[in-house]
Structures are given as C-alpha cells and as structure tokens.
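Engineer: First the structure, then my questions, so here it is.
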Amino acid sequence: MKAKVHITLKNGVLDPQGKAVEHALHGQGFKGVSDVRQGKFIELKLTGSDKAKAKAEVEEMCKKLLANTVIENFSVEVTD
C-alpha cells in the first residue's frame, strides 16, 4: 500500500515561500496568479492490507512528526 500525505499551512498563517513563488511567477509574465500557497507532499510505502488501520497510523504520524498541527493542515490518502 501507499499513503499520500498533503500538508498545507492553515488559512491566516503567513506563507513567505508562497509569496516568493507568486512574485517570481509575476516576474516571468504570469500576471493572473495570486494567493500562492506552498505545501509539502509526502509519499510512504506501507506494509499490511487494512486500509483503515493504515490511514489511522499515517494520521498519527502526521500528528506526531510529519505536520506541525498548530499551523498546518494535512490530508491522507491510502491506495493499494
């Protein structure tokens, strides 16, 4: 199984990397871009066959290590 984790900053949290990307895109002529937010994507290979158990385990990983839940949101998707 594989787990895909998307981590993004919560609304209202300043995203300086997103602002830098937005500024660079404007400099490249992409003027129709605004409110750029940057996040993280983590892919994990898992053993086992119980998707619900795997998802719960990866969510626990996010809460303990992968995401800073004070300022970040995360979502987990488990696939075969």
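So you can find residues: chains in the structure tokens are A, B, ... in the order shown, residues in each start at 1, and ligands are numbered from 1 in order.
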Show me, as a list in words, the residues that have an atom within 10 Å of Gln17 (chain A) when counting only C-alpha atoms, minus same-chain residues fewer than 5 positions from it.
Structural biologist: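 Residues near the query, excluding close chain neighbours: Glu22, His23, Val36, Arg37, Gln38 and Gly39 of chain A.
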Engineer: How about saving the chosen residues, C-alpha atoms kept, as a compact mmCIF listing (two decimals), in the first residue's frame?
Structural biologist:
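Ended up saving to out.txt:
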# COMPACT_ATOMS: atom_id res chain seq x y z
CA GLU A 22 3.99 34.33 -6.64
CA HIS A 23 6.46 37.19 -7.10
CA VAL A 36 0.06 31.25 -3.93
CA ARG A 37 0.37 28.80 -1.02
CA GLN A 38 3.17 26.26 -0.85
CA GLY A 39 2.95 22.96 0.98
Engineer: If you run DSSP over the backbone, which residues in chain A end up strand (DSSP E)? Put them as number ranges by chain.
Structural biologist: A: 2-9, 39-45, 72-79
Engineer: What does the file look like for those residues with C-alpha atoms, as a PDB file, in the first residue's frame?
Structural biologist:
ATOM      1  CA  LYS A   2       0.958   3.617  -0.425  1.00  0.00           C
ATOM      2  CA  ALA A   3      -0.045   6.623   1.588  1.00  0.00           C
ATOM      3  CA  LYS A   4      -0.038  10.117   0.132  1.00  0.00           C
ATOM      4  CA  VAL A   5       0.097  12.991   2.596  1.00  0.00           C
ATOM      5  CA  HIS A   6      -0.587  16.610   1.637  1.00  0.00           C
ATOM      6  CA  ILE A   7       0.429  19.226   4.190  1.00  0.00           C
ATOM      7  CA  THR A   8      -0.523  22.881   3.828  1.00  0.00           C
ATOM      8  CA  LEU A   9      -0.375  25.942   6.038  1.00  0.00           C
ATOM      9  CA  GLY A  39       2.950  22.955   0.975  1.00  0.00           C
ATOM     10  CA  LYS A  40       4.547  19.550   1.297  1.00  0.00           C
ATOM     11  CA  PHE A  41       3.778  16.203  -0.303  1.00  0.00           C
ATOM     12  CA  ILE A  42       4.996  13.001   1.348  1.00  0.00           C
ATOM     13  CA  GLU A  43       4.562   9.502  -0.078  1.00  0.00           C
ATOM     14  CA  LEU A  44       5.001   6.446   2.138  1.00  0.00           C
ATOM     15  CA  LYS A  45       5.146   2.762   1.209  1.00  0.00           C
ATOM     16  CA  GLU A  72      -0.545  23.158   9.263  1.00  0.00           C
ATOM     17  CA  ASN A  73      -3.429  21.063   7.962  1.00  0.00           C
ATOM     18  CA  PHE A  74      -2.908  17.621   6.476  1.00  0.00           C
ATOM     19  CA  SER A  75      -4.849  15.093   4.446  1.00  0.00           C
ATOM     20  CA  VAL A  76      -4.068  11.396   3.984  1.00  0.00           C
ATOM     21  CA  GLU A  77      -4.978   9.110   1.091  1.00  0.00           C
ATOM     22  CA  VAL A  78      -4.197   5.382   1.215  1.00  0.00           C
ATOM     23  CA  THR A  79      -4.160   3.327  -2.013  1.00  0.00           C
TER      24      THR A  79
END
Engineer: Among chain A, which ones does DSSP place in alpha helix (DSSP H), written as a ChimeraX atom specification?
Structural biologist: /A:16-27,51-61
Engineer: Take the selection from the previous step and output its residues with N, CA and C atoms, as a PDB file, in the first residue's frame.
Structural biologist:
ATOM      1  N   PRO A  16       5.656  32.833   3.445  1.00  0.00           N
ATOM      2  CA  PRO A  16       6.661  33.592   2.691  1.00  0.00           C
ATOM      3  C   PRO A  16       7.151  32.868   1.443  1.00  0.00           C
ATOM      4  N   GLN A  17       7.202  31.537   1.479  1.00  0.00           N
ATOM      5  CA  GLN A  17       7.620  30.807   0.273  1.00  0.00           C
ATOM      6  C   GLN A  17       6.579  30.966  -0.833  1.00  0.00           C
ATOM      7  N   GLY A  18       5.315  30.899  -0.467  1.00  0.00           N
ATOM      8  CA  GLY A  18       4.252  31.101  -1.449  1.00  0.00           C
ATOM      9  C   GLY A  18       4.325  32.483  -2.065  1.00  0.00           C
ATOM     10  N   LYS A  19       4.593  33.495  -1.226  1.00  0.00           N
ATOM     11  CA  LYS A  19       4.726  34.873  -1.729  1.00  0.00           C
ATOM     12  C   LYS A  19       5.911  34.989  -2.679  1.00  0.00           C
ATOM     13  N   ALA A  20       7.028  34.332  -2.356  1.00  0.00           N
ATOM     14  CA  ALA A  20       8.206  34.370  -3.224  1.00  0.00           C
ATOM     15  C   ALA A  20       7.906  33.724  -4.573  1.00  0.00           C
ATOM     16  N   VAL A  21       7.190  32.595  -4.554  1.00  0.00           N
ATOM     17  CA  VAL A  21       6.816  31.924  -5.802  1.00  0.00           C
ATOM     18  C   VAL A  21       5.880  32.821  -6.610  1.00  0.00           C
ATOM     19  N   GLU A  22       4.911  33.424  -5.952  1.00  0.00           N
ATOM     20  CA  GLU A  22       3.985  34.328  -6.638  1.00  0.00           C
ATOM     21  C   GLU A  22       4.741  35.478  -7.289  1.00  0.00           C
ATOM     22  N   HIS A  23       5.668  36.076  -6.558  1.00  0.00           N
ATOM     23  CA  HIS A  23       6.457  37.188  -7.100  1.00  0.00           C
ATOM     24  C   HIS A  23       7.282  36.732  -8.307  1.00  0.00           C
ATOM     25  N   ALA A  24       7.895  35.545  -8.209  1.00  0.00           N
ATOM     26  CA  ALA A  24       8.700  35.020  -9.321  1.00  0.00           C
ATOM     27  C   ALA A  24       7.827  34.744 -10.548  1.00  0.00           C
ATOM     28  N   LEU A  25       6.630  34.212 -10.326  1.00  0.00           N
ATOM     29  CA  LEU A  25       5.723  33.963 -11.452  1.00  0.00           C
ATOM     30  C   LEU A  25       5.318  35.268 -12.132  1.00  0.00           C
ATOM     31  N   HIS A  26       5.040  36.292 -11.335  1.00  0.00           N
ATOM     32  CA  HIS A  26       4.711  37.603 -11.917  1.00  0.00           C
ATOM     33  C   HIS A  26       5.887  38.120 -12.736  1.00  0.00           C
ATOM     34  N   GLY A  27       7.119  37.912 -12.225  1.00  0.00           N
ATOM     35  CA  GLY A  27       8.318  38.331 -12.943  1.00  0.00           C
ATOM     36  C   GLY A  27       8.503  37.589 -14.263  1.00  0.00           C
ATOM     37  N   LYS A  51      -6.655  -0.929   4.997  1.00  0.00           N
ATOM     38  CA  LYS A  51      -6.559   0.487   4.634  1.00  0.00           C
ATOM     39  C   LYS A  51      -6.935   1.407   5.781  1.00  0.00           C
ATOM     40  N   ALA A  52      -7.988   1.064   6.508  1.00  0.00           N
ATOM     41  CA  ALA A  52      -8.441   1.924   7.606  1.00  0.00           C
ATOM     42  C   ALA A  52      -7.369   2.022   8.690  1.00  0.00           C
ATOM     43  N   LYS A  53      -6.757   0.898   9.020  1.00  0.00           N
ATOM     44  CA  LYS A  53      -5.700   0.892  10.031  1.00  0.00           C
ATOM     45  C   LYS A  53      -4.491   1.686   9.542  1.00  0.00           C
ATOM     46  N   ALA A  54      -4.142   1.511   8.271  1.00  0.00           N
ATOM     47  CA  ALA A  54      -3.005   2.233   7.704  1.00  0.00           C
ATOM     48  C   ALA A  54      -3.255   3.736   7.718  1.00  0.00           C
ATOM     49  N   LYS A  55      -4.463   4.146   7.350  1.00  0.00           N
ATOM     50  CA  LYS A  55      -4.774   5.576   7.341  1.00  0.00           C
ATOM     51  C   LYS A  55      -4.680   6.148   8.748  1.00  0.00           C
ATOM     52  N   ALA A  56      -5.211   5.437   9.719  1.00  0.00           N
ATOM     53  CA  ALA A  56      -5.147   5.905  11.108  1.00  0.00           C
ATOM     54  C   ALA A  56      -3.692   6.021  11.572  1.00  0.00           C
ATOM     55  N   GLU A  57      -2.871   5.064  11.178  1.00  0.00           N
ATOM     56  CA  GLU A  57      -1.466   5.087  11.567  1.00  0.00           C
ATOM     57  C   GLU A  57      -0.731   6.274  10.934  1.00  0.00           C
ATOM     58  N   VAL A  58      -0.992   6.537   9.650  1.00  0.00           N
ATOM     59  CA  VAL A  58      -0.344   7.669   8.976  1.00  0.00           C
ATOM     60  C   VAL A  58      -0.842   8.993   9.566  1.00  0.00           C
ATOM     61  N   GLU A  59      -2.114   9.078   9.913  1.00  0.00           N
ATOM     62  CA  GLU A  59      -2.615  10.285  10.565  1.00  0.00           C
ATOM     63  C   GLU A  59      -1.905  10.511  11.895  1.00  0.00           C
ATOM     64  N   GLU A  60      -1.636   9.450  12.618  1.00  0.00           N
ATOM     65  CA  GLU A  60      -0.883   9.562  13.870  1.00  0.00           C
ATOM     66  C   GLU A  60       0.543  10.035  13.606  1.00  0.00           C
ATOM     67  N   MET A  61       1.157   9.528  12.521  1.00  0.00           N
ATOM     68  CA  MET A  61       2.493  10.000  12.128  1.00  0.00           C
ATOM     69  C   MET A  61       2.483  11.499  11.864  1.00  0.00           C
TER      70      MET A  61
END
